[in-house]
Structure formats: C-alpha cells, structure tokens
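Participant: Questions regarding the structure given below will be posed in turn.
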Amino acid sequence: MLAEHGPDAMIWAGGTDMTLHWQREKVSPTVCVDIRDVSQLDFIEVGNDAIRIGAMTALATLERAAGRHHILKMLSDITKLMCTPQTRTLATVGGNMCNASPAADLSPAFVALDATAVIFGRNGTREVTAYDFFVGVNRTAVAQDEILQEVTIPLPSDGEIHGSYRRIDRTVVDIALVNGSAAVTVGIDGVISKVGLGLGAVAPIILNAPDASAALEGTSLADVTRDKLAEVAAIAARHAKPITDVRASAGYRQDMVEVMLRRALEDAITNHGGKLR
Amino acid sequence: MAKHDKNIGKGLKVVGHGLHVKDAVEKVTGTIRYGVDYEVQNMVHGRIIRCPHPHARITRIDASKAEDVPGFIGILTHDDVPQNDWEAAWFNYRGKVLDGVGRFVGDDMAAVAATTPEAAEKAAELVEIDYELLPAVFCMEEARKDGAPQIRDEGNERDPYGVAWGDVAVGKAAADHTVDCDIFYESQQYAPLGRNACIAEWMGDRVNVITSSQTPSELRDGIHEALGIPLSKIRVQALPSGSSFGQWWSNNFMMIAVLLARKVGKAVKIELDNEECMATVKRRHQERTRGSMGCTAEGELTYFEFDHLIDNGGYGFKDDVGFFCVDMWGKNGHGDYQIHGINTNMVTAGCMRGVGDCTLGASVERMADQLAEKVGIDPVRFRIKNQIVAGDELRMQHSRHNIKGAVDEYIKNVPEHLRKDWPELFKLSAGGTRALLELGSEHFGWDQRWKGWATPTHSDGSIRRGIGVGTGAHVCGVEFEGASNAMVRMNPDGSAKVHAAVGRQGAGAETTQAMVVAEELGLPLDQVAIETGDTDSCPWNHGSLASSTMYRTGWASREAARDVKRQLLAIAAKEFFDNVDPDELDVDDGEVVHRDPAKHNQRIRFADVLSELRSETLGQTSSITGSPRVPMPPSTTFARQFGAQFAEVEVDVETGQIKLLDFLCVQDSGTVVNPQVLKNQIIGAAICGSGFAIYEEMIFDQETGALENGNLLDYKLLRCADFPHDAEVLFVEDPDPVGPFGARGAGESPIAAGIAAVAQAVHNAIGVWVDMPMTPERVVAAIKAERDRHT
C-alpha cells in the first residue's frame with residue numbers, strides 16, 4: 001500500500017505525533033496505513049546476545065518491562081519522562097523513532113546502546129545503526145515503501161553493559177531541552193571495552209561522539225575518576241551544534257549537554273559498581 | 001461601631017463545614033456545560049479574522065473569494081459596528097468592537113459566519129485585507145517618549161495613579177540602610193485549560209448571550225455600551241468558565257458574536273481555539289518596578305518610594321495596581337508611589353489573579369528581604385515588625401487622585417444612622433499577617449530550619465536547598481463600580497433560591513453562596529439552589545473579581561436571606577405564634593421556632609408559613625423575595641485578606657533547575673465558609689504563584705510582539721506533580737465585622753505569598769536574587785554573573 005500510494009501514504013502507529021503534525025498541517029497524507037493491529041510487531045524479547053523491541057511496542061508496555069533486564073529498566077525509566085501516562089498507552093517505540101524528533105528521549109539511549117534498527121520492505125529486511133537511522137528533523141533512513149520492524153540492542157558476550165539517560169526539562173510533562181545518554185561496557189577483566197554516547201536536542205539528528213568514547217575505552221573501571229568523565233563529556237560536547245529557540249538558548253544547551261553527558265557517564269560507571277573519586 | 005466579635009462564625013450548622021461542592025457530580029461525570037459545550041438550534045459558526053501586523057489600518061476588505069466557500073453566510077467589518085467605546089470591568093478593556101485599526105498581532109479585525117466551523121475558518125482565510133502599516137512600539141519606555149507612535153486617541157500614557165503619605169525626605173533621613181531596585185516582570189498567561197465560546201441569538205430587538213463569564217452583569221453592561229441598546233433588551237446567561245483567573249470577564253470576541261449574529265440574522269457561535277485564548281484575549285501585564293526602601297538599624301521601615309510601570313498592550317487601561325502590598329507593609333510613616341499605565345502594541349493586557357501583588361508586591365517583598373538581610377533579622381521577624389495588624393492605618397486611601405473622591409462621596413451619601421455600625425474606615429478592621437507568621441513558623445519549624453540569609457539548609461554536590469517565607473494581601477472586593485447585589489426567594493415549599501451573578505471558575509461560589517443563605521435561613525444546603533449566570537433574574541453584581549465573591553456578594557446574599565427571614569418570621573408570628581414579637585422567633589432546620597428553647601415544642605414548617613401567606617393574599621403572593629435593605633460599607637477602606645506561605649526549594653546550581661520540596665500555606669480569610677473549597681483555592685494559588693516564580697512567561701517576537709509560545713507545550717504550567725503532594729493549608733480565622741458570618745476574601749493574597757516565598761527560598765539556597773521567572777537558564781546566568789562579579 002505504501003508503494004502504491006507513494007508519498008501521500010503514511011504509517012499510523014500510535015498516532016500521537018501524527019495527530020499533531022496533521023493538525024498543524026506539517027503532513028497531509030491521503031492514506032493512513034493503520035498498523036495498530038499488527039501484533040507481530042508488539043514484542044519485547046530478551047536474549048543472551050540482544051534485546052529486541054518490536055516497533056509497535058507501546059511506551060506503556062516498555063515501561064512495565066523494567067523487571068526483565070537492567071537495560072530495559074533504563075529504558076523504562078526514560079519512558080516515564082515521556083508525555084503522560086494516558087498518551088504512553090497509545091504512543092509506540094517505533095513511532096517515537098520514526099517521528100525522529102531531535103529532542104526524543106529514547107533515541108539518544110538507542111544511539112548510546114549502539115542499537116540496530118531493523119527495517120522491513122518488499123525485498124526483505126535490512127539493518128541500520130541507530131546513529132544512521134536519523135537523517136534529519138522528522139526524517140529517517142526508512143524509505144517510503146518500508147516500515148521499521150524492530151530495534152535490537154546488542155548485549156556483550158564477555159562483560160556487562162550499563163547505561164543511563166539524563167535530560168533537562170522544566171515541568172513533569174515536558175520535552176527535553178537537551179539530553180544525553182551514555183552506555184558503558186566493562187569486560188570481565190574490569191577494563192572498559194566500549195563506550196556509547198548519544199546527544200539529543202543539540203543538532204537536527206542524534207549525535208554520537210566516537211572521539212570521546214575512545215578517550216574512555218581501555219580504561220580500567222577502578223581507575224575512572226570524576227575528572228576523567230568530565231574530560232570525556234567535554235570532548236563529546238564539542239560535537240553539539242545547538243540552536244536558540246523559545247525553550248532554551250544555544251549557549252545554555254551547549255553548556256548543559258556537557259553536564260548531562262557527564263552525569264550520564266557517572267551513573268553508568270556507578271551502575272557498574274565503580275567508585276568515583 | 002461594629003464590635004470585633006471573635007466568636008462570629010463559631011458553632012454554625014452549614015458555614016464552616018467541608019461540604020461537597022454542588023456541581024461535583026456534574027464535573028466528575030462530564031455533564032457540566034461550559035461555553036464551548038453549548039449549542040442552540042440552527043446556530044451558525046463565526047470565525048474572527050486577526051491582524052497579522054502589530055499596528056495597521058485597514059484600507060480595503062474584499063470578501064469575494066470567501067463568498068465562494070460553500071456554507072459562507074456573511075461578514076462583519078468595522079463598517080457594520082457602532083463606533084462606541086465599551087469598557088470591561090476594572091479598566092481591562094476600552095475600545096470599539098472593531099474600528100479598522102489593529103493594535104497588536106492577533107487583534108480582532110473582522111469576522112465571518114458560515115454553516116460549519118471548518119467553512120468559517122476557510123472563509124476567514126480567503127478574506128483579503130489590505131493594510132496601511134503604522135509604526136509600532138513594544139517597549140513601555142519607548143512608548144512613553146515624545147514622538148512615539150500613538151496607539152490610542154487618549155495617548156499612550158495618562159496621569160499616573162499615586163498614593164503618598166508622610167514625607168519621604170524625612171523617611172530617607174531616618175534610614176540607616178536603603179535598597180534600590182529595578183525589576184522587570186514578564187507576562188503571565190491565564191493559560192486556560194477550558195477555552196471559551198460565545199453564542200449570541202437575537203429575538204427581534206433583544207439579544208441572548210450564552211458564554212462562560214465570571215462577570216455576567218459587567219458583560220451585559222459592555223454589550224449595552226458597545227451597541228447602544230437598552231440593558232433591558234440584553235440577557236446574558238453566563239456559564240461556568242473553569243479556570244479563568246480573570247480572563248473570562250467581558251471580552252471583545254463576545255461583542256463580535258453579538259454583532260455578527262445581528263448582521264447575519266442567525267444565532268452565531270464563536271469558539272476560540274487554544275492559541276486564540278492565549279494570544280489574543282488578555283494576559284497579565286508586563287511590569288517594571290523601580291524604587292527604594294529604607295529602614296533603621298533596628299529593622300523598622302522608614303520609607304517607601306516606587307515608580308512602577310504596567311504595560312496594558314492595545315486596549316487595557318489600568319493604572320491602579322499594587323496598593324495592597326504597600327498597605328501590608330504600612331507601618332512606616334512615609335511613602336510615595338506612582339503607577340503608570342502605558343499602552344503598547346503588545347497583546348492587550350488585563351487583570352490576572354493577584355494583579356499588582358505578584359509584581360509590585362514581589363518587588364516590595366524582595367526589597368524588604370534585602371533590608372532584613374542587611375540588618376540581620378530573619379524574614380519572619382522582619383515581617384512581624386513591619387506589617388500591619390488590625391487597627392493600623394491603611395495607606396491606599398491617602399491621596400488617591402482618581403478614586404478617593406468617589407469613596408468620600410459614597411460615604412457622605414449614606415445616611416448617618418446607617419453608618420453607625422460600620423467599622424472605622426481607613427483602618428484595618430480584622431486580621432493581619434502576624435498570627436499567620438507565628439502559627440506558620442511554628443508548624444514549619446522555621447526556627448530550627450533557618451540557617452541565616454543566603455545560607456543553604458543543605459548542600460550536596462551541585463544541590464542547594466533553601467527555605468523562604470512570603471506574605472500577600474489583597475482587598476476583599478471593591479465598591480467603586482457599584483455595590484454587588486443578590487436576591488433570595490423562598491418558594492412555597494420552603495426551599496430557597498439565591499440569585500447572585502457571580503463566576504463559577506472553580507472557586508466554589510455556587511456552593512459557598514448557597515451555604516451562607518442556608519445558614520441564615522436555617523435550611524439544609526440541599527434545600528438551597530442558586531442561579532449565578534442569568535442577568536434576567538439576578539440583580540446587578542460586580543461578579544467574581546477582586547476577591548469579592550465571598551465578601552461583597554456573600555454579604556448581599558446573607559442580607560437578602562435576612563430580609564426573607566424577617567418577612568417569614570413576621571408572618572409566622574402573626575399566624576402561628578399569637579402575635580409575639582417576631583424577634584422572639586428563629587429558624588431551625590426548615591421550621592420556625594421560638595428562640596426560647598423551653599418553647600421549642602411549637603415548630604412550624606416554612607411551607608406552612610408560605611401556605612398561610614398564599615391564602616391570605618388569595619394566591620397572589622406565593623413566595624417571599626428578599627434583598628439587602630442597608631448599604632454595604634465601602635470595604636476597600638477597612639477589609640483585607642492575608643496569606644503567609646513557607647517553602648523549601650532545591651536548586652541544582654549546575655543546571656539551574658528548581659524543585660519545590662515543601663510548602664505550607666497559612667491563610668486569614670476570616671471565617672472559613674467551606675474549608676475544603678478554600679483549601680483547594682489556596683493550594684491552587686500557591687501552584688499558580690510558584691509557576692509564575694519559576695517557569696511561566698509569555699515569549700514575544702522581538703520584531704512584532706507576536707506570542708511565540710501560545711501553547712501548553714512551551715508555556716510551562718506547573719502540574720500537580722511539580723508541587724509537593726503533602727503541601728498543607730492552615731487557617732487563622734479572625735472573623736470580620738462585616739463579611740457574612742465573619743468571612744472575608746481569599747483568592748488573591750495566597751498567589752502573592754507563594755511567589756515571594758519561592759523567590760526568597762531560592763535566594764537563600766544559592767545566595768543570589770534571580771528575576772522571575774527563575775527558569776533554569778536564568779538561574780545559571782545569575783549564578784555566573786555573581787561569580788564573575790567576585791572575580
């Protein structure tokens with residue numbers, strides 16, 4: 001159907017963002033493909049090597065999955081910051097991804113966790129990294145005749161991964177003015193093997209910071225200090241290119257993305273049992 | 001002189017009890033109808049065409065394309081509109097309904113009617129209007145200058161409103177410490193959750209207007225002024241408004257609905273969308289306080305000097321905010337303050353809950369705190385030392401150039417025998433902050449928690465906690481625009497109906513007015529019903545504004561009930577109690593009884609008394625109607641409400657985010673008629689005040705004055721979860737000598753107290769004063785500026 005109707009057709013998942021876009025005439029589809037009943041896309045699977053989250057998983061479902069894995073606990077905590085309890089029963093993980101808001105809450109976490117988006121089309125499925133998934137404001141790597149099927153979060157085979165998400169908001173119901181997420185993998189040898197960072201609301205897409213990650217990778221968990229994490233966060237924050245809008249100034253966003261990343265890194269290290277000095 | 005009887009309001013059967021509000025079930029089940037929910041048969045829909053420019057005159061209107069829209073019915077332009085000025089209550093709006101000039105982006109320029117809202121919207125888009133652009137001015141200071149673009153025929157600025165007492169030079173000479181300020185306040189938006197709509201339906205030359213309004217009588221007056229038709233031909237049926245805070249009084253879009261309906265010959269409904277509600281109707285003024293205050297080394301205030309600007313936007317006309325804060329701190333003997341109302345090409349502005357208290361009042365609280373810090377006295381004691389108590393003089397009545405005359409005249413016109421029971425005028429008759437501060441500081445544990453000025457109570461990493469206290473005062477209604485009236489009718493079955501044109505904006509007036517009448521008439525509450533909105537049945541009333549509902553309308557409702565009772569007892573005495581003096585009788589639980597409990601075995605049901613009235617008049621009179629029989633004393637000259645609030649906040653000095661951790665509200669509104677209702681109102685005020693203090697701000701385009709955050713995503717209102725769930729409310733009930741059963745006003749002092757408490761708590765946490773709203777970004781900037789100042 002998507003192929004048949006071309007750009008006039010859009011997917012209707014939870015509809016919570018779509019309704020607003022439609023009302024504000026940002027989109028004007030003539031055909032909405034309602035996939036709310038596609039139950040095959042509504043799942044959360046915890047495997048040994050990965051956690052798979054179906055695109056049609058409601059935020060409320062993800063919120064309730066906290067007990068199944070500590071990474072799901074992290075994501076559950078993020079969903080609690082999103083919209084309102086009523087809206088979370090409608091809004092979906094896939095819809096949130098495909099809406100591709102630079103201020104989205106789950107997206108920086110997926111980027112930090114080095115998640116993969118599985119995209120389904122007429123020629124089968126293909127995979128892109130969460131970082132490559134977002135290509136602009138409200139624009140993704142999903143083509144007109146494709147849909148997002150699931151998000152896969154890889155789990156390390158030889159260590160443990162912990163993550164954290166921090167954001168600046170105003171009241172209990174708000175979108176992030178700026179946000180940051182960190183995921184840190186520590187090998188069985190106690191050495192940090194992988195660091196993922198995600199920076200939100202400071203560019204049209206969710207940013208990562210490979211140079212900052214590299215600055216921490218290879219460090220022994222026992223040697224990590226607060227100063228070290230501050231240094232890593234400062235390197236990462238240099239990637240930010242924030243704008244000024246009614247919510248915050250570019251300068252404030254620039255300063256705060258560093259604070260958010262530093263705190264997210266501190267949380268991630270603490271979650272590993274690291275003692276910060 | 002009225003006795004200050006501390007026992008008024010004690011031991012009553014209805015008043016003082018936390019009874020359920022009358023419309024609780026309707027609200028919870030969603031069956032209550034607000035303006036937007038209402039429809040009449042065959043009505044059509046109106047849409048207002050809005051000015052895209054800050055200041056512009058229409059040169060041409062072409063509706064030919066709009067006429068092609070299926071369902072289009074007609075258009076209203078300024079050529080169809082009588083060129084009369086109409087005025088909303090308290091100088092909130094003055095102007096013509098449409099006059100071909102737009103004075104802010106979003107101003108009403110014309111309106112179309114069509115069979116559906118969608119067709120009306122489409123047609124409105126297709127009306128072509130050419131404008132001659134006029135120079136615009138957005139800043140108050142610029143608007144005051146010679147040669148500034150003039151927004152109104154009356155000029156951008158009129159004579160200031162001022163109050164002066166003593167001799168400021170003497171006060172300055174006596175001061176050991178002084179502080180100066182120059183503080184700018186951003187506009188707060190009413191941010192209604194419920195929007196509004198207005199339906200106008202003409203029947204011959206009479207018009208029926210159905211809308212949500214807090215001021216039904218003032219709305220009828222406004223239509224009368226705008227159209228020049230007799231008041232007798234205008235019926236307003238005001239519906240509940242939901243949260244309003246002053247927004248839905250009488251608004252220009254209602255006038256447009258009336259005129260558009262007349263033009264097209266059909267009932268018209270104009271329903272505003274969210275953005276229209278926020279960007280085109282009204283807002284709290286932007287304000288700027290400059291001034292200084294001084295005190296002795298012992299912390300006694302010696303003088304006040306203020307020059308305060310308020311920005312009225314295009315159509316506001318207000319210049320008299322802020323006297324209550326000056327009254328409250330009125331122990332000092334010397335003062336001079338001036339308020340300048342200024343028009344600009346900003347969105348039109350008007351009164352919002354605690355007008356002046358939240359701005360000039362916040363400035364006074366902050367300066368007083370700065371003096372207290374210099375002297376080294378804690379804020380609770382500084383307030384107790386300097387704030388007035390019952391018997392002290394009220395300053396606002398001194399030298400009021402535009403209103404004092406009216407009060408004096410009012411007083412002079414009342415025959416002396418009717419004045420003998422009045423409280424002493426121009427002095428506070430009851431209440432004050434002292435008892436609130438004493439009770440509150442004990443309950444809050446102030447002395448244990450206070451660590452000194454600019455000293456956090458707790459510090460951990462980037463977290464600083466601080467406590468603060470703030471106070472607020474307000475009048476309990478005003479008499480200048482006319483005395484609020486009410487009528488009570490007792491029906492043949494002994495039930496009673498109150499007719500009092502007040503607002504139903506969530507403050508429970510429909511319940512508390514009925515409670516006052518039920519108490520006076522000795523009826524259970526469910527026997528008393530109320531009509532609040534219909535101007536065809538309710539006598540003129542100022543409406544629910546200026547915290548007047550319980551005090552002034554409540555007084556009128558009680559007096560009307562007294563009049564009913566007097567008539568009822570007279571008939572009962574004659575027909576059932578052997579012609580005893582009616583004063584020997586009383587009412588109790590729907591029955592007339594003897595005052596002497598020994599004679600209580602004779603109980604006559606009200607219905608039997610009414611039945612006797614009926615038979616005696618051959619059925620001509622079947623009910624008793626009561627109205628106030630004496631004039632209400634001018635309450636601005638003696639009655640005030642007071643609030644004191646205590647807050648603990650947590651500030652993240654790295655991000656600037658503020659969390660509210662603890663809140664205690666203490667309120668003196670005299671006798672509390674319904675503690676559940678009042679508790680809700682006080683908590684609501686504290687949340688609204690906290691929102692003003694930390695987030696709420698209308699953001700305007702620098703070039704055009706257009707509102708940029710006219711939505712609830714980016715206009716940040718505090719939610720319940722942003723406020724301490726265990727916040728407490730305590731009452732000090734110092735009964736009023738005039739108000740019904742000792743009650744006074746309530747709605748506005750608590751918002752001012754909360755603002756001041758949060759502002760001071762933040763200062764104590766981080767050691768810097770931050771201008772409001774104290775957004776994360778402003779907090780960070782203020783901390784940085786302070787750090788830079790020291791390096």
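Labeling convention for the structure tokens: chains A, B, ... as they appear, residues from 1 per chain, ligands from 1 in order of appearance.
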Tell me, which residues of segment 106-140 of chain A carry DSSP strand (DSSP E), written as a list in words?
Facilitator: Thr116, Ala117, Val118, Ile119, Phe120, Gly121, Gly124, Thr125, Arg126, Glu127, Val128, Thr129, Phe134, Val135, Gly136, Arg139 and Thr140 of chain A
Participant: Got a sec to pull out which chain B residues are within 10 Å of chain A, counting only C-alpha atoms, and send them as a PyMOL selection string?
Facilitator: chain B and resi 654-659+691+694-695+698-701+708-709+712-723+775-778+780-781
Participant: Could the residues in this selection be saved with N, CA, C and O atoms as a compact mmCIF listing (two decimals), in the first residue's frame?
Facilitator:
# COMPACT_ATOMS: atom_id res chain seq x y z
N GLU B 654 24.26 23.64 38.90
CA GLU B 654 24.87 23.39 37.60
C GLU B 654 23.87 23.59 36.45
O GLU B 654 24.21 24.13 35.41
N THR B 655 22.64 23.11 36.66
CA THR B 655 21.65 23.17 35.58
C THR B 655 20.65 24.30 35.77
O THR B 655 19.94 24.66 34.84
N GLY B 656 20.56 24.82 36.99
CA GLY B 656 19.60 25.88 37.27
C GLY B 656 18.19 25.40 37.54
O GLY B 656 17.28 26.20 37.74
N GLN B 657 17.99 24.09 37.56
CA GLN B 657 16.63 23.58 37.78
C GLN B 657 16.23 23.74 39.24
O GLN B 657 17.03 23.51 40.14
N ILE B 658 14.96 24.11 39.44
CA ILE B 658 14.43 24.30 40.79
C ILE B 658 13.34 23.28 41.05
O ILE B 658 12.45 23.10 40.22
N LYS B 659 13.42 22.63 42.19
CA LYS B 659 12.35 21.72 42.62
C LYS B 659 11.72 22.28 43.88
O LYS B 659 12.42 22.79 44.76
N GLY B 691 4.42 28.75 39.78
CA GLY B 691 4.62 28.72 38.32
C GLY B 691 5.12 30.06 37.81
O GLY B 691 6.04 30.14 37.00
N ILE B 694 8.81 30.40 38.79
CA ILE B 694 9.90 29.62 38.21
C ILE B 694 9.78 29.33 36.70
O ILE B 694 10.78 29.04 36.08
N TYR B 695 8.59 29.36 36.14
CA TYR B 695 8.51 29.00 34.71
C TYR B 695 7.68 29.91 33.81
O TYR B 695 8.01 30.11 32.66
N MET B 698 5.26 34.59 28.97
CA MET B 698 4.86 34.68 27.57
C MET B 698 6.06 35.22 26.80
O MET B 698 6.62 36.26 27.16
N ILE B 699 6.45 34.50 25.75
CA ILE B 699 7.62 34.91 24.96
C ILE B 699 7.12 35.55 23.67
O ILE B 699 6.33 34.96 22.94
N PHE B 700 7.56 36.78 23.44
CA PHE B 700 7.07 37.55 22.30
C PHE B 700 8.17 37.73 21.25
O PHE B 700 9.34 37.89 21.61
N ASP B 701 7.73 37.75 20.00
CA ASP B 701 8.65 38.06 18.91
C ASP B 701 9.13 39.50 19.09
O ASP B 701 8.33 40.42 19.29
N GLU B 708 5.02 33.80 20.89
CA GLU B 708 5.72 32.66 20.30
C GLU B 708 5.45 31.35 21.01
O GLU B 708 5.72 30.29 20.46
N ASN B 709 4.98 31.42 22.23
CA ASN B 709 4.70 30.16 22.94
C ASN B 709 3.23 30.08 23.35
O ASN B 709 2.91 29.84 24.52
N LEU B 712 0.42 24.94 25.28
CA LEU B 712 0.76 24.45 26.62
C LEU B 712 1.99 23.55 26.62
O LEU B 712 2.41 23.09 27.67
N LEU B 713 2.59 23.32 25.44
CA LEU B 713 3.88 22.62 25.44
C LEU B 713 4.98 23.58 25.87
O LEU B 713 5.84 23.23 26.68
N ASP B 714 4.95 24.78 25.35
CA ASP B 714 6.04 25.70 25.63
C ASP B 714 5.68 26.84 26.56
O ASP B 714 6.53 27.63 26.95
N TYR B 715 4.41 26.95 26.92
CA TYR B 715 4.05 27.81 28.03
C TYR B 715 3.94 26.89 29.23
O TYR B 715 3.03 26.07 29.32
N LYS B 716 4.92 26.94 30.11
CA LYS B 716 5.04 25.90 31.13
C LYS B 716 4.22 26.20 32.38
O LYS B 716 4.55 27.08 33.16
N LEU B 717 3.15 25.43 32.54
CA LEU B 717 2.36 25.48 33.77
C LEU B 717 2.85 24.37 34.69
O LEU B 717 3.15 23.28 34.23
N LEU B 718 2.90 24.66 35.97
CA LEU B 718 3.23 23.59 36.91
C LEU B 718 2.08 22.60 36.95
O LEU B 718 0.92 22.98 36.94
N ARG B 719 2.43 21.33 36.97
CA ARG B 719 1.43 20.28 37.15
C ARG B 719 1.38 19.93 38.63
O ARG B 719 2.29 20.27 39.39
N CYS B 720 0.35 19.17 38.98
CA CYS B 720 0.25 18.77 40.39
C CYS B 720 1.53 18.09 40.86
O CYS B 720 1.99 18.31 41.98
N ALA B 721 2.11 17.26 39.99
CA ALA B 721 3.30 16.51 40.40
C ALA B 721 4.54 17.39 40.51
O ALA B 721 5.57 16.94 41.01
N ASP B 722 4.45 18.63 40.06
CA ASP B 722 5.58 19.56 40.24
C ASP B 722 5.51 20.24 41.61
O ASP B 722 6.41 21.00 41.96
N PHE B 723 4.43 20.00 42.32
CA PHE B 723 4.20 20.70 43.59
C PHE B 723 4.17 19.64 44.69
O PHE B 723 3.70 18.54 44.47
N THR B 775 13.77 30.65 35.49
CA THR B 775 13.95 29.48 34.64
C THR B 775 15.36 28.93 34.86
O THR B 775 16.26 29.65 35.32
N PRO B 776 15.58 27.65 34.51
CA PRO B 776 16.91 27.08 34.70
C PRO B 776 18.00 27.98 34.10
O PRO B 776 19.04 28.22 34.71
N GLU B 777 17.72 28.48 32.92
CA GLU B 777 18.72 29.30 32.23
C GLU B 777 19.01 30.60 32.99
O GLU B 777 20.16 31.03 33.10
N ARG B 778 17.97 31.23 33.52
CA ARG B 778 18.18 32.47 34.27
C ARG B 778 18.92 32.21 35.57
O ARG B 778 19.70 33.05 36.02
N VAL B 780 21.13 29.81 36.15
CA VAL B 780 22.54 29.58 35.82
C VAL B 780 23.22 30.92 35.50
O VAL B 780 24.33 31.19 35.97
N ALA B 781 22.51 31.77 34.73
CA ALA B 781 23.10 33.06 34.35
C ALA B 781 23.33 33.94 35.58
O ALA B 781 24.36 34.62 35.69
Participant: For Asn96 of chain A, work out the shell of residues within 12 Å, counting only C-alpha atoms and skipping chain neighbours fewer than 3 positions away, then give it as a PyMOL selection string.
Facilitator: chain A and resi 12-18+55-59+79+82-83+88+90-93+99-108+110+134+138-140+148+151
Participant: As an exercise, work out the distance from atom CA of Glu25 of chain A to atom CA of Gln144 of chain A in Å and give it to one decimal place.
Facilitator: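 Computing it gives 19.3 Å between the two atoms.
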Participant: Name the residues in contact with Ile119 of chain A at a cut-off of 6 Å, using only C-alpha atoms, excluding same-chain residues fewer than 6 positions from it; report them as a PyMOL selection string.
Facilitator: chain A and resi 125-126+147-149
Participant: For atom CA of Ala56 of chain B and atom CA of Phe138 of chain B, quote the distance in Å rounded to one decimal.
Facilitator: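 So the answer is 14.1 Å.
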Participant: Any idea what's packed within 6 Å of segment 475-479 of chain B, counting only C-alpha atoms, ignoring anything in its chain fewer than 6 positions away? Could you give it as a PDB file with C-alpha atoms, in the first residue's frame?
Facilitator:
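result_6.pdb was written with the following content:
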ATOM      1  CA  ALA B 546     -11.015  41.395  43.062  1.00  0.00           C
ATOM      2  CA  SER B 547     -11.630  38.612  45.608  1.00  0.00           C
ATOM      3  CA  SER B 548     -15.120  39.981  46.109  1.00  0.00           C
ATOM      4  CA  TYR B 551     -17.111  39.198  50.947  1.00  0.00           C
ATOM      5  CA  PRO B 634     -17.064  50.548  51.481  1.00  0.00           C
ATOM      6  CA  THR B 636     -11.746  48.780  50.415  1.00  0.00           C
ATOM      7  CA  ARG B 640      -8.123  42.876  53.722  1.00  0.00           C
ATOM      8  CA  GLY B 745     -11.990  37.400  50.566  1.00  0.00           C
TER       9      GLY B 745
END
Participant: Just how far from atom CA of Val191 of chain A is atom CA of Gly274 of chain A, in Å to one decimal?
Facilitator: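 According to the coordinates, atom CA of Gly274 of chain A and atom CA of Val191 of chain A are separated by 11.3 Å.
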Participant: Of the candidates A:Ala237, A:Val195, A:Ile11, A:Ala66, which shows the shortest atom-to-atom distance to Cys32 of chain A, using only C-alpha atoms?
Facilitator: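 For Cys32 of chain A, the nearest of the given residues is A:Ile11.
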Participant: What lies within 9 Å of Leu221 of chain A using only C-alpha atoms, ignoring chain neighbours under 2 positions off, as a CSV table (one decimal) with all heavy atoms, in the first residue's frame?
Facilitator:
chain,number,residue,atom,x,y,z
A,186,VAL,N,31.8,-3.0,30.3
A,186,VAL,CA,33.1,-3.4,31.0
A,186,VAL,C,33.3,-4.8,30.9
A,186,VAL,O,32.4,-5.7,31.1
A,186,VAL,CB,32.9,-3.0,32.5
A,186,VAL,CG1,34.2,-3.4,33.3
A,186,VAL,CG2,32.7,-1.5,32.7
A,190,GLY,N,37.6,-6.2,33.8
A,190,GLY,CA,37.4,-4.9,34.5
A,190,GLY,C,37.8,-3.7,33.7
A,190,GLY,O,37.9,-2.6,34.3
A,191,VAL,N,38.1,-3.9,32.5
A,191,VAL,CA,38.5,-2.8,31.6
A,191,VAL,C,37.3,-2.4,30.8
A,191,VAL,O,36.6,-3.2,30.3
A,191,VAL,CB,39.7,-3.2,30.7
A,191,VAL,CG1,40.0,-2.1,29.7
A,191,VAL,CG2,40.9,-3.5,31.6
A,192,ILE,N,37.2,-1.1,30.6
A,192,ILE,CA,36.1,-0.5,29.8
A,192,ILE,C,36.4,-0.8,28.3
A,192,ILE,O,37.4,-0.4,27.8
A,192,ILE,CB,35.9,1.0,30.0
A,192,ILE,CG1,35.4,1.2,31.4
A,192,ILE,CG2,34.9,1.6,29.0
A,192,ILE,CD1,35.4,2.7,31.8
A,219,THR,N,40.2,2.1,29.6
A,219,THR,CA,40.5,2.5,31.0
A,219,THR,C,39.9,1.4,31.9
A,219,THR,O,38.9,0.9,31.6
A,219,THR,CB,39.8,3.8,31.3
A,219,THR,OG1,40.1,4.8,30.3
A,219,THR,CG2,40.3,4.4,32.7
A,223,ASP,N,40.0,2.8,37.7
A,223,ASP,CA,40.8,4.0,37.5
A,223,ASP,C,40.0,5.2,37.1
A,223,ASP,O,40.5,6.3,37.0
A,223,ASP,CB,41.9,3.8,36.5
A,223,ASP,CG,42.9,2.8,36.9
A,223,ASP,OD1,43.0,2.5,38.1
A,223,ASP,OD2,43.6,2.2,36.0
A,224,VAL,N,38.7,5.0,36.9
A,224,VAL,CA,37.8,6.1,36.4
A,224,VAL,C,37.6,7.1,37.5
A,224,VAL,O,37.2,6.7,38.6
A,224,VAL,CB,36.5,5.6,35.9
A,224,VAL,CG1,35.6,6.7,35.4
A,224,VAL,CG2,36.7,4.6,34.7
A,269,ILE,N,28.9,4.4,35.2
A,269,ILE,CA,30.0,3.9,36.0
A,269,ILE,C,29.6,3.4,37.4
A,269,ILE,O,29.9,2.3,37.8
A,269,ILE,CB,31.2,4.9,36.1
A,269,ILE,CG1,31.7,5.3,34.8
A,269,ILE,CG2,32.2,4.4,37.1
A,269,ILE,CD1,32.4,4.2,34.0
A,272,HIS,N,27.9,0.1,37.3
A,272,HIS,CA,28.9,-1.0,37.1
A,272,HIS,C,29.5,-1.3,38.5
A,272,HIS,O,30.3,-2.2,38.6
A,272,HIS,CB,30.0,-0.6,36.2
A,272,HIS,CG,29.7,-0.9,34.7
A,272,HIS,ND1,29.5,-2.2,34.3
A,272,HIS,CD2,29.4,-0.1,33.7
A,272,HIS,CE1,29.2,-2.2,33.0
A,272,HIS,NE2,29.2,-1.0,32.6
A,273,GLY,N,29.2,-0.5,39.5
A,273,GLY,CA,29.8,-0.7,40.8
A,273,GLY,C,31.1,0.1,40.9
A,273,GLY,O,31.8,-0.1,41.9
A,274,GLY,N,31.3,1.0,40.0
A,274,GLY,CA,32.5,1.8,40.0
A,274,GLY,C,32.4,2.8,41.1
A,274,GLY,O,31.4,3.3,41.4
A,275,LYS,N,33.6,3.0,41.8
A,275,LYS,CA,33.6,4.1,42.9
A,275,LYS,C,34.3,5.3,42.3
A,275,LYS,O,35.5,5.3,41.9
A,275,LYS,CB,34.4,3.6,44.0
A,275,LYS,CG,33.9,2.3,44.6
A,275,LYS,CD,32.9,2.6,45.8
A,275,LYS,CE,32.4,1.3,46.4
A,275,LYS,NZ,31.5,0.5,45.6
Participant: Which is closer to Met1 of chain A than all the others in A:Thr30, A:Gln23, A:Ser213, A:Thr152, using only C-alpha atoms?
Facilitator: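 For Met1 of chain A, the nearest of the given residues is A:Thr30.
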Participant: Taking only segment 76-106 of chain A into account, list the residues labelled helix (DSSP H, G or I) by DSSP (computed from the backbone), as a ChimeraX atom specification.
Facilitator: /A:76-79,85-88,93-99,106
Participant: Quick one: everything within 8 Å of Pro204 of chain A, counting only C-alpha atoms, minus sequence neighbours fewer than 3 positions away in the same chain. Send it as a ChimeraX atom specification.
Facilitator: /A:102,135-137,201
